[in-house]
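**Student:** Quick one, target_2.pdb (PDB, C-alpha atoms, pLDDT in the B column):
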MODEL        1
ATOM      1  CA  MET A   9      53.443  69.103-259.668  1.00 48.00           C
ATOM      2  CA  GLN A  10      51.776  66.411-257.708  1.00 62.00           C
ATOM      3  CA  SER A  11      53.850  64.439-255.260  1.00 70.00           C
ATOM      4  CA  GLN A  12      53.923  60.670-255.509  1.00 76.00           C
ATOM      5  CA  PRO A  13      52.238  58.826-252.632  1.00 74.00           C
ATOM      6  CA  THR A  14      54.725  57.186-250.328  1.00 80.00           C
ATOM      7  CA  PRO A  15      54.917  53.420-249.879  1.00 75.00           C
ATOM      8  CA  LEU A  16      53.545  53.973-246.382  1.00 78.00           C
ATOM      9  CA  ALA A  17      50.466  55.663-247.880  1.00 79.00           C
ATOM     10  CA  HIS A  18      50.020  52.700-250.259  1.00 75.00           C
ATOM     11  CA  LEU A  19      50.309  50.324-247.327  1.00 77.00           C
ATOM     12  CA  GLY A  20      47.716  52.330-245.391  1.00 81.00           C
ATOM     13  CA  THR A  21      45.333  52.256-248.342  1.00 82.00           C
ATOM     14  CA  ALA A  22      45.817  48.505-248.819  1.00 78.00           C
ATOM     15  CA  THR A  23      45.241  47.930-245.112  1.00 82.00           C
ATOM     16  CA  ALA A  24      42.036  49.988-245.199  1.00 84.00           C
ATOM     17  CA  HIS A  25      40.782  48.017-248.216  1.00 82.00           C
ATOM     18  CA  LEU A  26      41.640  44.715-246.545  1.00 81.00           C
ATOM     19  CA  ARG A  27      39.886  45.805-243.351  1.00 86.00           C
ATOM     20  CA  GLY A  28      36.803  46.741-245.399  1.00 85.00           C
ATOM     21  CA  LEU A  29      36.856  43.396-247.212  1.00 83.00           C
ATOM     22  CA  LEU A  30      37.141  41.488-243.941  1.00 83.00           C
ATOM     23  CA  ALA A  31      34.275  43.473-242.420  1.00 87.00           C
ATOM     24  CA  SER A  32      32.030  42.824-245.434  1.00 86.00           C
ATOM     25  CA  GLU A  33      32.903  39.105-245.438  1.00 84.00           C
ATOM     26  CA  TRP A  34      32.104  38.937-241.721  1.00 87.00           C
ATOM     27  CA  ARG A  35      28.709  40.585-242.327  1.00 89.00           C
ATOM     28  CA  LEU A  36      27.941  38.157-245.165  1.00 85.00           C
ATOM     29  CA  ALA A  37      28.930  35.173-243.018  1.00 84.00           C
ATOM     30  CA  ARG A  38      26.708  36.333-240.141  1.00 87.00           C
ATOM     31  CA  ILE A  39      23.736  36.792-242.488  1.00 88.00           C
ATOM     32  CA  GLU A  40      24.230  33.378-244.086  1.00 84.00           C
ATOM     33  CA  ILE A  41      24.693  31.581-240.764  1.00 85.00           C
ATOM     34  CA  SER A  42      21.576  33.306-239.420  1.00 87.00           C
ATOM     35  CA  ARG A  43      19.580  32.122-242.433  1.00 86.00           C
ATOM     36  CA  ASN A  44      20.965  28.587-242.084  1.00 83.00           C
ATOM     37  CA  LEU A  45      20.191  28.474-238.354  1.00 85.00           C
ATOM     38  CA  LYS A  46      16.598  29.474-239.091  1.00 85.00           C
ATOM     39  CA  ALA A  47      16.396  26.483-241.435  1.00 81.00           C
ATOM     40  CA  ALA A  48      17.933  24.322-238.689  1.00 84.00           C
ATOM     41  CA  ARG A  49      15.311  25.585-236.245  1.00 88.00           C
ATOM     42  CA  THR A  50      12.653  24.430-238.705  1.00 87.00           C
ATOM     43  CA  GLY A  51      14.401  21.064-238.826  1.00 85.00           C
ATOM     44  CA  ILE A  52      14.347  20.760-235.034  1.00 88.00           C
ATOM     45  CA  ILE A  53      10.666  21.663-234.931  1.00 91.00           C
ATOM     46  CA  LEU A  54       9.872  19.131-237.661  1.00 89.00           C
ATOM     47  CA  ALA A  55      11.876  16.436-235.865  1.00 89.00           C
ATOM     48  CA  ALA A  56      10.051  17.134-232.582  1.00 91.00           C
ATOM     49  CA  ILE A  57       6.690  17.053-234.337  1.00 91.00           C
ATOM     50  CA  GLY A  58       7.734  13.847-236.061  1.00 89.00           C
ATOM     51  CA  ILE A  59       8.703  12.214-232.766  1.00 87.00           C
ATOM     52  CA  GLY A  60       5.563  13.369-230.972  1.00 91.00           C
ATOM     53  CA  GLY A  61       3.328  12.463-233.862  1.00 86.00           C
ATOM     54  CA  ALA A  62       4.985   9.085-234.228  1.00 77.00           C
ATOM     55  CA  LEU A  63       4.431   8.302-230.554  1.00 83.00           C
ATOM     56  CA  CYS A  64       0.791   9.391-230.578  1.00 85.00           C
ATOM     57  CA  ALA A  65       0.082   7.623-233.832  1.00 76.00           C
ATOM     58  CA  MET A  66       1.905   4.540-232.664  1.00 73.00           C
ATOM     59  CA  PHE A  67      -0.439   4.047-229.722  1.00 84.00           C
ATOM     60  CA  ALA A  68      -3.621   4.734-231.668  1.00 82.00           C
ATOM     61  CA  LEU A  69      -2.692   2.929-234.851  1.00 73.00           C
ATOM     62  CA  THR A  70      -1.166  -0.040-233.110  1.00 77.00           C
ATOM     63  CA  GLY A  71      -4.439  -0.930-231.479  1.00 83.00           C
ATOM     64  CA  ALA A  72      -6.558  -0.199-234.531  1.00 84.00           C
ATOM     65  CA  LEU A  73      -4.297  -1.985-236.986  1.00 78.00           C
ATOM     66  CA  PHE A  74      -3.702  -4.932-234.718  1.00 81.00           C
ATOM     67  CA  LEU A  75      -7.422  -5.423-234.136  1.00 86.00           C
ATOM     68  CA  GLY A  76      -8.203  -4.895-237.815  1.00 87.00           C
ATOM     69  CA  LEU A  77      -5.670  -7.449-238.954  1.00 83.00           C
ATOM     70  CA  GLY A  78      -6.880  -9.851-236.285  1.00 83.00           C
ATOM     71  CA  ALA A  79     -10.438  -9.410-237.558  1.00 89.00           C
ATOM     72  CA  LEU A  80      -9.235 -10.361-241.051  1.00 89.00           C
ATOM     73  CA  GLY A  81      -8.056 -13.690-239.697  1.00 89.00           C
ATOM     74  CA  LEU A  82      -4.312 -13.113-239.326  1.00 85.00           C
ATOM     75  CA  ASP A  83      -2.421 -14.671-236.463  1.00 88.00           C
ATOM     76  CA  PRO A  84      -1.761 -12.187-233.654  1.00 84.00           C
ATOM     77  CA  TRP A  85       2.042 -12.214-234.134  1.00 82.00           C
ATOM     78  CA  ILE A  86       1.730 -11.433-237.856  1.00 85.00           C
ATOM     79  CA  ALA A  87      -0.732  -8.622-237.128  1.00 82.00           C
ATOM     80  CA  ALA A  88       1.646  -7.165-234.514  1.00 81.00           C
ATOM     81  CA  LEU A  89       4.642  -7.406-236.885  1.00 85.00           C
ATOM     82  CA  ALA A  90       2.792  -5.681-239.744  1.00 82.00           C
ATOM     83  CA  THR A  91       1.634  -2.920-237.402  1.00 78.00           C
ATOM     84  CA  ALA A  92       5.123  -2.282-236.029  1.00 83.00           C
ATOM     85  CA  GLY A  93       6.676  -2.268-239.509  1.00 87.00           C
ATOM     86  CA  ALA A  94       4.253   0.299-240.922  1.00 82.00           C
ATOM     87  CA  LEU A  95       4.645   2.644-237.940  1.00 80.00           C
ATOM     88  CA  GLY A  96       8.429   2.236-238.007  1.00 86.00           C
ATOM     89  CA  VAL A  97       8.578   3.374-241.633  1.00 89.00           C
ATOM     90  CA  ILE A  98       6.509   6.487-240.900  1.00 83.00           C
ATOM     91  CA  ALA A  99       8.579   7.424-237.830  1.00 83.00           C
ATOM     92  CA  THR A 100      11.858   6.858-239.687  1.00 92.00           C
ATOM     93  CA  LEU A 101      10.724   9.089-242.552  1.00 92.00           C
ATOM     94  CA  CYS A 102       9.793  11.958-240.215  1.00 82.00           C
ATOM     95  CA  LEU A 103      13.078  11.699-238.300  1.00 88.00           C
ATOM     96  CA  TRP A 104      15.139  11.507-241.488  1.00 90.00           C
ATOM     97  CA  ILE A 105      13.549  14.649-242.951  1.00 88.00           C
ATOM     98  CA  GLY A 106      14.039  16.558-239.697  1.00 83.00           C
ATOM     99  CA  LEU A 107      17.629  15.455-239.129  1.00 84.00           C
ATOM    100  CA  THR A 108      18.790  16.151-242.685  1.00 83.00           C
ATOM    101  CA  ARG A 109      17.955  19.800-242.072  1.00 79.00           C
ATOM    102  CA  LEU A 110      20.344  19.736-239.102  1.00 78.00           C
ATOM    103  CA  SER A 111      23.396  18.451-240.994  1.00 74.00           C
ATOM    104  CA  PRO A 112      26.585  20.557-240.914  1.00 74.00           C
ATOM    105  CA  GLU A 113      26.372  20.956-244.697  1.00 72.00           C
ATOM    106  CA  ALA A 114      22.985  22.647-244.339  1.00 68.00           C
ATOM    107  CA  ILE A 115      24.213  25.066-241.669  1.00 70.00           C
ATOM    108  CA  ALA A 116      27.710  25.906-242.943  1.00 72.00           C
ATOM    109  CA  PRO A 117      28.182  29.300-244.662  1.00 72.00           C
ATOM    110  CA  THR A 118      29.121  27.865-248.057  1.00 75.00           C
ATOM    111  CA  GLU A 119      28.147  30.954-250.071  1.00 77.00           C
ATOM    112  CA  THR A 120      30.277  33.202-247.886  1.00 74.00           C
ATOM    113  CA  ALA A 121      33.240  30.826-248.087  1.00 75.00           C
ATOM    114  CA  ALA A 122      33.009  30.793-251.888  1.00 79.00           C
ATOM    115  CA  HIS A 123      32.702  34.584-251.973  1.00 77.00           C
ATOM    116  CA  ALA A 124      35.697  34.980-249.640  1.00 77.00           C
ATOM    117  CA  ALA A 125      37.776  32.644-251.805  1.00 80.00           C
ATOM    118  CA  GLU A 126      36.861  34.628-254.924  1.00 82.00           C
ATOM    119  CA  THR A 127      37.691  37.914-253.180  1.00 79.00           C
ATOM    120  CA  LEU A 128      41.039  36.524-252.020  1.00 78.00           C
ATOM    121  CA  ARG A 129      41.780  35.347-255.558  1.00 80.00           C
ATOM    122  CA  LEU A 130      40.979  38.797-256.957  1.00 77.00           C
ATOM    123  CA  VAL A 131      43.068  40.573-254.320  1.00 74.00           C
ATOM    124  CA  THR A 132      45.998  38.245-254.980  1.00 75.00           C
ATOM    125  CA  GLU A 133      45.627  38.694-258.737  1.00 74.00           C
ATOM    126  CA  ASN A 134      45.464  42.492-258.479  1.00 70.00           C
ATOM    127  CA  THR A 135      48.405  42.602-256.071  1.00 68.00           C
ATOM    128  CA  ASN A 136      50.573  40.526-258.376  1.00 65.00           C
ATOM    129  CA  VAL A 137      49.638  42.579-261.461  1.00 56.00           C
ATOM    130  CA  SER A 138      50.575  45.988-260.047  1.00 50.00           C
TER     131      SER A 138
ENDMDL
END
Go through the file and emit its structure as C-alpha cells.

**Tutor:**
Amino acid sequence: MQSQPTPLAHLGTATAHLRGLLASEWRLARIEISRNLKAARTGIILAAIGIGGALCAMFALTGALFLGLGALGLDPWIAALATAGALGVIATLCLWIGLTRLSPEAIAPTETAAHAAETLRLVTENTNVS
C-alpha cells in the first residue's frame, strides 16, 4: 500500500511550483525589458542624429534657401519665414520619430505581464478545481 502524501507535502510541492513560476516570469520579464531597452537605445540614437542633423542642415539650408528665395524675387521676410518653416517640419519629424521609441509603452514588458496574468489565471483555476 502506498501512503497518501501529507498536506505539508502538497504545500511544499505547490510552493516549489510557485517558486518555479516566479523564476520563469522574472526571466521572461528581464529578456523583454532588455529587448525593449535596446529599441529605446535606437530611439535615443535616432533622436540625437535628428537633433544634430537638424542643426547642421538648418545652418546650411537656411542660407541656401534664403538666398534662393531672394533670387526669385521674394521679400526677405517671406524668404526667411519659408526657410524656417521647412526646417522646422523636418526637425519636428526627426524628434517625433526618436521620442516615440522612448515612450513608456514601448519599453514596458507587456508580453510578460500578459503571460503572468494568464499563468495566474491558470494557477487559480487549477487550485479551485482540485

**Student:** List, as a PyMOL selection string, every residue that the PyMOL selection byres ((chain A and resi 40-46) around 7) selects in the file provided.

**Tutor:** chain A and resi 36-39+47-50+114-117

**Student:** When you look at A:Gly76 with a cut-off of 12 Å (counting all atoms listed in the file), what residues show up, excluding the ones that are within fewer than 5 positions of it in the same chain? I need them as a PyMOL selection string.

**Tutor:** chain A and resi 69-71+81-84+86-88+90-91

**Student:** Could you take the residues named above and write them with C-alpha atoms, as a PDB file, in the frame of the given file?

**Tutor:**
ATOM      1  CA  LEU A  69      -2.692   2.929-234.851  1.00 73.00           C
ATOM      2  CA  THR A  70      -1.166  -0.040-233.110  1.00 77.00           C
ATOM      3  CA  GLY A  71      -4.439  -0.930-231.479  1.00 83.00           C
ATOM      4  CA  GLY A  81      -8.056 -13.690-239.697  1.00 89.00           C
ATOM      5  CA  LEU A  82      -4.312 -13.113-239.326  1.00 85.00           C
ATOM      6  CA  ASP A  83      -2.421 -14.671-236.463  1.00 88.00           C
ATOM      7  CA  PRO A  84      -1.761 -12.187-233.654  1.00 84.00           C
ATOM      8  CA  ILE A  86       1.730 -11.433-237.856  1.00 85.00           C
ATOM      9  CA  ALA A  87      -0.732  -8.622-237.128  1.00 82.00           C
ATOM     10  CA  ALA A  88       1.646  -7.165-234.514  1.00 81.00           C
ATOM     11  CA  ALA A  90       2.792  -5.681-239.744  1.00 82.00           C
ATOM     12  CA  THR A  91       1.634  -2.920-237.402  1.00 78.00           C
TER      13      THR A  91
END

**Student:** Given the PyMOL selection byres ((chain A and resi 14-31) around 10) and the file above, list the residues it selects as a PyMOL selection string.

**Tutor:** chain A and resi 11-13+32-37+124+127-128+131+135

**Student:** Which distance in Å separates atom CA of A:Leu95 and atom CA of A:Ala68, to one decimal?

**Tutor:**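 So the answer is 10.6 Å.
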
**Student:** Which distance in Å separates atom CA of A:Leu75 and atom CA of A:Gly93, to one decimal?

**Tutor:**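 Atom-to-atom, atom CA of A:Leu75 and atom CA of A:Gly93 are spaced 15.4 Å apart.
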
**Student:** Using only C-alpha atoms, which residues sit within 12 Å of A:Ala56 once same-chain residues fewer than 3 positions away are excluded, as a PyMOL selection string?

**Tutor:** chain A and resi 49-53+59-63+99+102-107

**Student:** What does the distance from atom CA of A:Leu54 to atom CA of A:Ala72 come to in Å, to one decimal?

**Tutor:** 25.6 Å
